Every structure is written in structure tokens, then in C-alpha cells.
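Colleague: Please find input-v4.txt (compact mmCIF, C-alpha atoms and all ligand atoms) on the next line:
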```txt
# COMPACT_ATOMS: atom_id res chain seq x y z
CA MET A 1 188.88 166.45 132.05
CA ALA A 2 192.38 165.95 130.67
CA VAL A 3 194.32 169.10 129.76
CA VAL A 4 195.12 169.12 126.04
CA LEU A 5 196.84 172.48 125.57
CA SER A 6 198.12 174.95 128.14
CA PHE A 7 199.77 178.35 127.95
CA ASP A 8 201.75 179.32 131.02
CA ASN A 9 202.78 183.00 131.09
CA VAL A 10 203.44 182.89 127.34
CA CYS A 11 205.01 185.99 125.75
CA LYS A 12 206.24 186.92 122.31
CA GLU A 13 208.33 190.04 122.08
CA TYR A 14 209.06 191.79 118.79
CA LEU A 15 210.79 195.02 117.83
CA ARG A 16 208.91 197.81 116.07
CA GLY A 17 211.61 200.17 114.90
CA ASN A 18 213.98 199.72 117.81
CA VAL A 19 211.25 199.58 120.39
CA PRO A 20 210.38 196.18 121.89
CA PHE A 21 206.73 195.32 122.44
CA PHE A 22 204.78 192.24 123.45
CA ALA A 23 202.71 190.88 120.54
CA VAL A 24 201.59 188.27 123.12
CA ASP A 25 201.78 189.48 126.70
CA HIS A 26 201.92 186.90 129.52
CA VAL A 27 199.01 184.73 128.42
CA ASN A 28 197.65 181.95 130.61
CA LEU A 29 195.04 179.57 129.23
CA THR A 30 194.12 175.92 129.77
CA ILE A 31 192.16 173.96 127.19
CA GLU A 32 190.67 170.63 128.24
CA ALA A 33 189.54 167.71 126.10
CA GLY A 34 186.16 168.54 124.60
CA ASP A 35 186.52 172.32 125.00
CA PHE A 36 185.58 174.79 122.29
CA VAL A 37 187.55 177.99 122.94
CA ASN A 38 186.79 181.02 120.80
CA ILE A 39 189.16 184.01 121.02
CA ILE A 40 188.06 187.28 119.48
CA GLY A 41 190.27 190.31 118.98
CA ARG A 42 190.88 193.20 116.65
CA SER A 43 193.41 193.08 113.87
CA GLY A 44 196.94 193.23 115.29
CA SER A 45 195.91 192.13 118.80
CA GLY A 46 198.21 189.08 118.69
CA LYS A 47 195.83 186.25 117.76
CA SER A 48 197.89 184.66 114.98
CA THR A 49 201.07 185.02 117.03
CA LEU A 50 199.38 183.13 119.88
CA LEU A 51 198.06 180.38 117.59
CA ASN A 52 201.40 179.95 115.83
CA MET A 53 202.99 179.33 119.24
CA ALA A 54 200.15 176.91 120.11
CA ALA A 55 200.91 174.97 116.95
CA GLY A 56 204.65 174.91 117.67
CA MET A 57 205.50 176.99 114.61
CA LEU A 58 206.83 179.91 116.60
CA SER A 59 208.80 179.81 119.86
CA PRO A 60 207.70 181.94 122.79
CA SER A 61 210.10 184.60 124.13
CA GLY A 62 208.99 183.57 127.61
CA GLY A 63 206.73 181.06 129.31
CA SER A 64 205.73 177.68 127.95
CA VAL A 65 203.18 176.05 125.68
CA CYS A 66 202.43 172.44 126.61
CA LEU A 67 200.55 169.84 124.57
CA GLU A 68 199.23 167.05 126.78
CA GLY A 69 201.66 168.21 129.47
CA GLU A 70 204.72 168.25 127.24
CA ASP A 71 206.57 171.54 126.69
CA LEU A 72 206.77 172.07 122.91
CA SER A 73 210.07 173.94 123.22
CA ALA A 74 211.72 170.77 124.62
CA ARG A 75 211.43 169.13 121.19
CA ASP A 76 213.85 169.44 118.29
CA ASP A 77 212.48 170.59 114.92
CA ALA A 78 212.04 167.12 113.41
CA SER A 79 210.19 165.61 116.35
CA LEU A 80 208.13 168.79 116.73
CA SER A 81 207.04 168.50 113.09
CA ARG A 82 205.99 164.92 113.68
CA LEU A 83 204.11 165.83 116.87
CA ARG A 84 202.35 168.67 115.05
CA ASN A 85 201.44 166.40 112.17
CA ASP A 86 199.97 163.73 114.45
CA LYS A 87 198.36 165.71 117.23
CA ILE A 88 197.47 169.19 115.97
CA GLY A 89 195.07 169.97 113.15
CA PHE A 90 195.93 173.49 112.04
CA VAL A 91 193.81 175.67 109.77
CA PRO A 92 196.07 178.65 109.02
CA GLN A 93 194.93 182.19 108.29
CA GLY A 94 194.39 182.79 104.56
CA ALA A 95 194.76 180.46 101.60
CA SER A 96 197.04 177.62 102.57
CA ALA A 97 196.17 174.85 100.11
CA LEU A 98 198.88 173.70 97.72
CA PRO A 99 197.69 174.96 94.31
CA ASP A 100 199.14 172.11 92.21
CA LEU A 101 197.53 169.35 94.25
CA THR A 102 193.87 168.38 93.90
CA VAL A 103 191.48 168.99 96.78
CA LEU A 104 191.68 165.32 97.80
CA GLU A 105 195.50 165.33 97.59
CA ASN A 106 195.60 168.44 99.79
CA VAL A 107 193.32 166.82 102.37
CA VAL A 108 195.37 163.60 102.46
CA LEU A 109 198.77 165.34 102.48
CA PRO A 110 199.30 165.32 106.30
CA PHE A 111 198.50 161.59 106.28
CA CYS A 112 201.17 160.96 103.62
CA LEU A 113 203.95 163.05 105.22
CA TRP A 114 204.73 160.30 107.71
CA PRO A 115 203.70 156.66 107.54
CA HIS A 116 200.26 156.19 109.10
CA GLY A 117 198.38 152.91 109.08
CA GLY A 118 195.11 152.60 107.18
CA ASP A 119 193.56 154.04 104.07
CA GLY A 120 194.38 157.77 103.84
CA GLU A 121 192.61 158.31 100.55
CA GLY A 122 189.47 156.59 101.81
CA ALA A 123 189.55 158.70 104.99
CA GLY A 124 190.00 161.85 102.88
CA ARG A 125 187.00 160.96 100.71
CA ILE A 126 184.85 160.34 103.81
CA LEU A 127 185.78 163.79 105.17
CA LEU A 128 185.01 165.49 101.84
CA GLU A 129 181.66 163.69 101.74
CA ARG A 130 180.93 164.78 105.25
CA PHE A 131 181.61 168.43 104.43
CA GLY A 132 179.52 168.31 101.26
CA ILE A 133 182.42 168.71 98.82
CA ALA A 134 182.99 165.11 97.65
CA HIS A 135 182.20 166.19 94.08
CA LEU A 136 185.22 168.54 94.23
CA ALA A 137 187.78 165.86 95.14
CA ASP A 138 189.57 166.11 91.79
CA SER A 139 189.26 169.90 91.41
CA TYR A 140 192.14 172.26 92.19
CA PRO A 141 192.00 174.81 95.03
CA ALA A 142 191.72 177.77 92.62
CA GLU A 143 188.47 176.28 91.27
CA LEU A 144 186.71 176.31 94.67
CA SER A 145 184.64 179.03 96.34
CA GLY A 146 186.00 180.53 99.58
CA GLY A 147 183.60 178.47 101.71
CA GLU A 148 184.32 175.22 99.86
CA LEU A 149 188.07 175.75 100.20
CA ARG A 150 187.73 176.51 103.91
CA ARG A 151 185.83 173.25 104.38
CA ALA A 152 188.60 171.39 102.52
CA LEU A 153 191.20 172.94 104.86
CA ILE A 154 189.17 171.85 107.90
CA ALA A 155 189.01 168.34 106.40
CA ARG A 156 192.82 168.43 106.00
CA ALA A 157 193.16 169.44 109.66
CA LEU A 158 191.11 166.40 110.71
CA ILE A 159 192.76 163.72 108.57
CA ASN A 160 195.12 162.44 111.29
CA HIS A 161 192.54 162.52 114.14
CA PRO A 162 194.34 165.30 116.04
CA ARG A 163 194.01 165.96 119.78
CA ILE A 164 193.04 169.55 118.99
CA VAL A 165 192.00 171.58 115.94
CA ILE A 166 193.38 175.11 115.88
CA ALA A 167 191.86 177.52 113.33
CA ASP A 168 193.00 181.07 112.57
CA GLU A 169 190.17 183.27 111.23
CA PRO A 170 188.27 180.32 109.71
CA THR A 171 185.45 182.60 108.52
CA SER A 172 187.45 185.52 107.12
CA ASP A 173 186.52 186.58 103.58
CA LEU A 174 183.31 184.52 103.66
CA ASP A 175 179.74 185.77 103.32
CA VAL A 176 177.47 185.52 106.36
CA GLU A 177 175.82 182.29 105.22
CA SER A 178 179.14 180.49 104.54
CA SER A 179 180.56 181.79 107.84
CA MET A 180 177.60 180.38 109.76
CA SER A 181 177.92 177.07 107.94
CA ILE A 182 181.63 176.86 108.89
CA MET A 183 180.89 177.72 112.53
CA GLU A 184 178.08 175.15 112.63
CA THR A 185 180.51 172.58 111.23
CA PHE A 186 182.86 173.34 114.14
CA THR A 187 179.98 173.12 116.63
CA LYS A 188 179.03 169.70 115.26
CA LEU A 189 182.64 168.49 115.40
CA ASN A 190 182.87 169.68 118.99
CA SER A 191 179.64 167.86 119.90
CA GLU A 192 181.35 164.72 118.57
CA GLY A 193 184.30 165.28 120.93
CA VAL A 194 186.77 167.31 118.84
CA THR A 195 188.64 169.88 120.97
CA LEU A 196 188.76 173.31 119.30
CA LEU A 197 190.69 176.55 119.57
CA LEU A 198 189.57 179.26 117.16
CA VAL A 199 190.49 182.92 116.79
CA SER A 200 188.55 185.51 114.88
CA HIS A 201 187.93 189.23 114.53
CA ASP A 202 184.45 188.39 113.23
CA LEU A 203 181.99 189.26 116.00
CA ASP A 204 179.34 187.09 114.33
CA THR A 205 181.33 184.07 115.61
CA LEU A 206 180.76 185.16 119.22
CA LYS A 207 177.69 183.03 119.77
CA TYR A 208 179.70 179.89 119.03
CA GLY A 209 182.05 178.11 121.42
CA LYS A 210 181.87 177.10 125.07
CA HIS A 211 184.41 179.68 126.28
CA VAL A 212 184.97 183.15 124.83
CA TYR A 213 188.12 185.19 125.44
CA THR A 214 189.16 188.60 124.16
CA MET A 215 192.67 189.39 122.97
CA SER A 216 193.70 193.02 123.19
CA GLU A 217 197.25 194.35 122.70
CA GLY A 218 198.65 190.90 123.39
CA LYS A 219 196.69 190.33 126.60
CA LEU A 220 194.03 187.65 126.96
CA GLU A 221 190.96 188.21 129.10
CA GLU A 222 188.04 185.90 129.72
CA GLY A 223 184.72 187.00 128.18
CA ASP A 224 183.68 189.31 125.38
CA HIS A 225 185.21 192.75 125.86
CA LEU A 226 184.73 193.96 122.29
CA THR A 227 180.97 194.32 122.20
CA ALA A 228 180.44 194.71 125.94
N1 LIG B 301 207.61 188.95 112.79
C1 LIG B 301 207.13 190.08 113.33
N2 LIG B 301 207.96 191.09 113.65
C2 LIG B 301 207.50 192.22 114.24
N3 LIG B 301 206.20 192.42 114.55
C3 LIG B 301 205.33 191.43 114.27
C4 LIG B 301 205.75 190.22 113.64
N4 LIG B 301 204.65 189.43 113.49
C5 LIG B 301 203.61 190.11 113.98
N5 LIG B 301 204.01 191.33 114.45
C6 LIG B 301 203.16 192.33 115.08
O1 LIG B 301 202.56 191.72 116.22
C7 LIG B 301 201.22 192.18 116.38
C8 LIG B 301 200.29 191.00 116.42
O2 LIG B 301 200.26 190.39 115.11
P1 LIG B 301 199.27 189.19 114.78
O3 LIG B 301 199.53 188.77 113.39
O4 LIG B 301 199.41 188.17 115.85
O5 LIG B 301 197.84 189.90 114.90
P2 LIG B 301 196.38 189.31 114.64
O6 LIG B 301 195.58 189.56 115.88
O7 LIG B 301 196.48 187.94 114.15
O8 LIG B 301 195.83 190.28 113.48
P3 LIG B 301 194.84 189.95 112.24
O9 LIG B 301 193.44 189.93 112.83
O10 LIG B 301 195.02 191.14 111.33
O11 LIG B 301 195.25 188.67 111.62
C9 LIG B 301 200.95 193.16 115.24
O12 LIG B 301 201.15 194.46 115.73
C10 LIG B 301 202.01 192.80 114.21
O13 LIG B 301 202.39 193.95 113.47
MG MG B 302 195.94 187.02 112.38
```
For this file, write the structure as C-alpha cells.
Ligand SMILES: Nc1ncnc2c1ncn2[C@@H]1O[C@H](COP(=O)(O)OP(=O)(O)OP(=O)(O)O)[C@@H](O)[C@H]1O
Ligand SMILES: [Mg+2]

Modeller:
Amino acid sequence: MAVVLSFDNVCKEYLRGNVPFFAVDHVNLTIEAGDFVNIIGRSGSGKSTLLNMAAGMLSPSGGSVCLEGEDLSARDDASLSRLRNDKIGFVPQGASALPDLTVLENVVLPFCLWPHGGDGEGAGRILLERFGIAHLADSYPAELSGGELRRALIARALINHPRIVIADEPTSDLDVESSMSIMETFTKLNSEGVTLLLVSHDLDTLKYGKHVYTMSEGKLEEGDHLTA
């Protein structure tokens, strides 16, 4: 299978007080087309830092992150933004919808940022329909439940047919039923060929995904080492 995303000895070093520490500590990981990688880890273990580097929003202190074999750090900011817009569907941690845009406008926004051929609004409506929130197209993010909003953000991540969808804590702040529904949505997308990288501290997500890794103090290990 073709490699979509790879981390080669990736580190991110920060200072706490004056003391340097690795928020991400020499991580190696290869994600192939069609994979569903689920990383679990406690709060502060480095999950968001790792995902932000995967999405090209943060530069590593060492090592390299490659998307389809291309080192993200070789790109300037403008071309990196374009690459991210076209090839990476990112669902950030927390509320990340623009409050003054409707749900449909939020979903279609990545399509509108750069010229793309086709009917963005139509594609957005199809995604909303698919996720059971078509009736909320003209509502504003503040009017949606947590689960509905999360589905809208997943729809937004899919609008440009990315090579990979990266989601940071997609089930946080949701009740068990909504969390399961979100994880089943990801499982269905993956069965249709969407490549996925998710991180979570929610152990209920463990049964989902084809490959589970544990992040602990910046280090990534294969398997579940939190409940084991
Ligand atoms: N800009 C920064 N400067 C210094 N330290 C940082 C910075 N960003 C994150 N950290 C630290 O790096 C570590 C990893 O943070 P990160 O946000 O990646 O954790 P996380 O696993 O996503 O946690 P959570 O589950 O709470 O979202 C934490 O100890 C955090 O305090
Ligand atoms: Mg985080």
C-alpha cells in the first residue's frame, strides 16, 4: 500500500521554566492508504503536538514529517497552506467552527479558500445529509449539540476529498452514545477507503481502528499500554 503520512524520528522540544523537555520524543510512524490509526494517551502526553506537526501547523524540532513522501518542512507557508487545504482534512481539538458562518458555510469554507472545480455547496449539502444534519445547514454552530457540531466538523474535513483525515479528540465532551456514533462514522468512512489518524484520551475509542498506539510522555509505542 502507498505510504500517505510518515513520521521519521520526529521531536518537539519545549521549555518548562528554563528546563527543556520533549513534548514529542523521537516518534516513528508510517500510515498507509486505507489505514485507521488510533492513538490513545493521557492528557499532556503529546497527542495534539504530534497531530499539529502531522497537519503542518507546527514545525518539528527534529526529524521529518512527510505527506506522500514529501517533507512538509520543505514547503513555504503559502504552499503548505494550500497542500494542507487540499490533502489533509483536519478536525482540531475543541470548538473550531466559525461562529458567524452557518453550518453549511463552515463545511464549504475549505472548498472556497482556493479555487476548486465543481459544486462546493452541493458537495457540502451531500455531506450534511450523509451525517444526518442536513436540516441544520442554515443554523449557526452555537445552535448545535456537541455531537451535531462534531459531525459538521468531520464533514468540513472531508469537503476537499483529502488523502488523510486527522482528528484530535473527536469524541471529547460527548456522551457515550454520541461518541459511539462518531466512532462508527469514522469506521464507515474508513471502510469506504478514507485514511484516518485519530488521537484520544477516551478509552472507549480503543475498540475502533486497525492499529492502536499509546502516547506517553512524548513517546509512541504500538498497542494499548493504558489499560493493559
Ligand atoms: N507551546 C508550548 N510551550 C510549552 N509547552 C507546551 C506547549 N504546547 C504544549 N506544551 C506541553 O507539551 C505537553 C504535550 O501537550 P499536548 O497539548 O500535545 O498534550 P495532549 O496529549 O494533546 O493533551 P490533552 O489530552 O490534554 O489534549 C504538555 O505537557 C504541554 O504542557
Ligand atoms: Mg490535546

Colleague: Find, counting all atoms listed in the file, the residue in A:His211, A:Arg151, A:Lys87, A:Lys47 that gets nearest to ligand LIG 301 (chain B).

Modeller: A:Lys47

Colleague: Can you work out the spacing between atom P2 of ligand LIG 301 (chain B) and atom CA of A:Asp25 in Å, to one decimal?

Modeller: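 According to the coordinates, atom P2 of ligand LIG 301 (chain B) and atom CA of A:Asp25 are separated by 13.2 Å.
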
Colleague: Fewer than 4 positions away in the same chain doesn't count, so skip those; otherwise give me all residues within 8 Å of A:Met183, counting all atoms listed in the file, as a VMD selection string.

Modeller: chain A and resid 171 179 187 205 208

Colleague: At a cut-off of 8 Å and counting all atoms listed in the file, what residues surround ligand LIG 301 (chain B)? Please answer as an mmCIF file with C-alpha atoms, in the coordinates of the input.

Modeller:
```cif
data_model
loop_
_atom_site.group_PDB
_atom_site.id
_atom_site.type_symbol
_atom_site.label_atom_id
_atom_site.label_comp_id
_atom_site.auth_asym_id
_atom_site.auth_seq_id
_atom_site.Cartn_x
_atom_site.Cartn_y
_atom_site.Cartn_z
ATOM 1 C CA TYR A 14 209.060 191.790 118.790
ATOM 2 C CA LEU A 15 210.790 195.020 117.830
ATOM 3 C CA ARG A 16 208.910 197.810 116.070
ATOM 4 C CA PHE A 22 204.780 192.240 123.450
ATOM 5 C CA ALA A 23 202.710 190.880 120.540
ATOM 6 C CA VAL A 24 201.590 188.270 123.120
ATOM 7 C CA GLY A 41 190.270 190.310 118.980
ATOM 8 C CA ARG A 42 190.880 193.200 116.650
ATOM 9 C CA SER A 43 193.410 193.080 113.870
ATOM 10 C CA GLY A 44 196.940 193.230 115.290
ATOM 11 C CA SER A 45 195.910 192.130 118.800
ATOM 12 C CA GLY A 46 198.210 189.080 118.690
ATOM 13 C CA LYS A 47 195.830 186.250 117.760
ATOM 14 C CA SER A 48 197.890 184.660 114.980
ATOM 15 C CA THR A 49 201.070 185.020 117.030
ATOM 16 C CA LEU A 50 199.380 183.130 119.880
ATOM 17 C CA GLN A 93 194.930 182.190 108.290
ATOM 18 C CA ASP A 168 193.000 181.070 112.570
ATOM 19 C CA GLU A 169 190.170 183.270 111.230
ATOM 20 C CA SER A 200 188.550 185.510 114.880
ATOM 21 C CA HIS A 201 187.930 189.230 114.530
ATOM 22 C CA MET A 215 192.670 189.390 122.970
ATOM 23 C CA GLU A 217 197.250 194.350 122.700
ATOM 24 C CA GLY A 218 198.650 190.900 123.390
#
```

Colleague: Pick out the residues sitting within 6 Å of stretch 61-78 of chain A, and hand them over as an mmCIF file with C-alpha atoms, in the frame of the given file; count only C-alpha atoms, and ignore anything fewer than 5 positions along from it in its own chain.

Modeller:
```cif
data_model
loop_
_atom_site.group_PDB
_atom_site.id
_atom_site.type_symbol
_atom_site.label_atom_id
_atom_site.label_comp_id
_atom_site.auth_asym_id
_atom_site.auth_seq_id
_atom_site.Cartn_x
_atom_site.Cartn_y
_atom_site.Cartn_z
ATOM 1 C CA VAL A 4 195.120 169.120 126.040
ATOM 2 C CA LEU A 5 196.840 172.480 125.570
ATOM 3 C CA SER A 6 198.120 174.950 128.140
ATOM 4 C CA PHE A 7 199.770 178.350 127.950
ATOM 5 C CA ASP A 8 201.750 179.320 131.020
ATOM 6 C CA ASN A 9 202.780 183.000 131.090
ATOM 7 C CA VAL A 10 203.440 182.890 127.340
ATOM 8 C CA CYS A 11 205.010 185.990 125.750
ATOM 9 C CA LYS A 12 206.240 186.920 122.310
#
```

Colleague: Work out how far apart atom CA of A:Ile182 and atom CA of A:Leu196 are and give it in Å to one decimal.

Modeller: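 Atom CA of A:Leu196 lies at a distance of 13.1 Å from atom CA of A:Ile182.
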
Colleague: Taking only C-alpha atoms into account, name the residue in A:Leu149, A:Ser139, A:Pro162, A:Gly193 that is nearest to A:Leu174.

Modeller: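 That would be A:Leu149, the residue with the smallest distance to A:Leu174.
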
Colleague: I want to know what sits within 12 Å of A:Glu221, based on all atoms listed in the file, with residues of the same chain fewer than 5 positions away left out; could you give that as a ChimeraX atom specification?

Modeller: /A:25-29,38-41,211-216,226

Colleague: Considering all atoms listed in the file, return as a ChimeraX atom specification whatever protein or nucleic-acid residues lie within 12 Å of A:Asn85, sequence-local ones (same chain, fewer than 2 positions apart) excluded.

Modeller: /A:55-57,78-83,87-90,108-116,156-165

Colleague: Just checking: using only C-alpha atoms, which residue out of A:Lys210, A:Lys219, A:Arg84, A:Arg125 ends up closest to A:Phe21?

Modeller: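 Among the listed residues, A:Lys219 lies closest to A:Phe21.
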
Colleague: Let me make sure I understand: among A:Val107, A:Leu127, A:Leu144, A:Val91, which one has the smallest atom-to-atom distance to ligand MG 302 (chain B) if we use all atoms listed in the file?

Modeller: A:Val91

Colleague: Calculated over only C-alpha atoms and all ligand atoms, which of the candidates A:Leu153, A:Asp202, A:Pro20, A:Leu128 has the smallest distance to ligand MG 302 (chain B)?

Modeller: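 Among the listed residues, the smallest separation from ligand MG 302 (chain B) belongs to A:Asp202.
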
Colleague: Between A:Gly17, A:Arg150, A:Pro141, A:Thr195, single out the one closest to A:Met1, counting only C-alpha atoms.

Modeller: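 Using only C-alpha atoms, A:Met1 sits closest to A:Thr195.
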
Colleague: Do you have the atom CA of A:Gly122-atom CA of A:Ile166 distance handy?

Modeller: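 If I compute the distance from atom CA of A:Gly122 to atom CA of A:Ile166, I get 23.6 Å.
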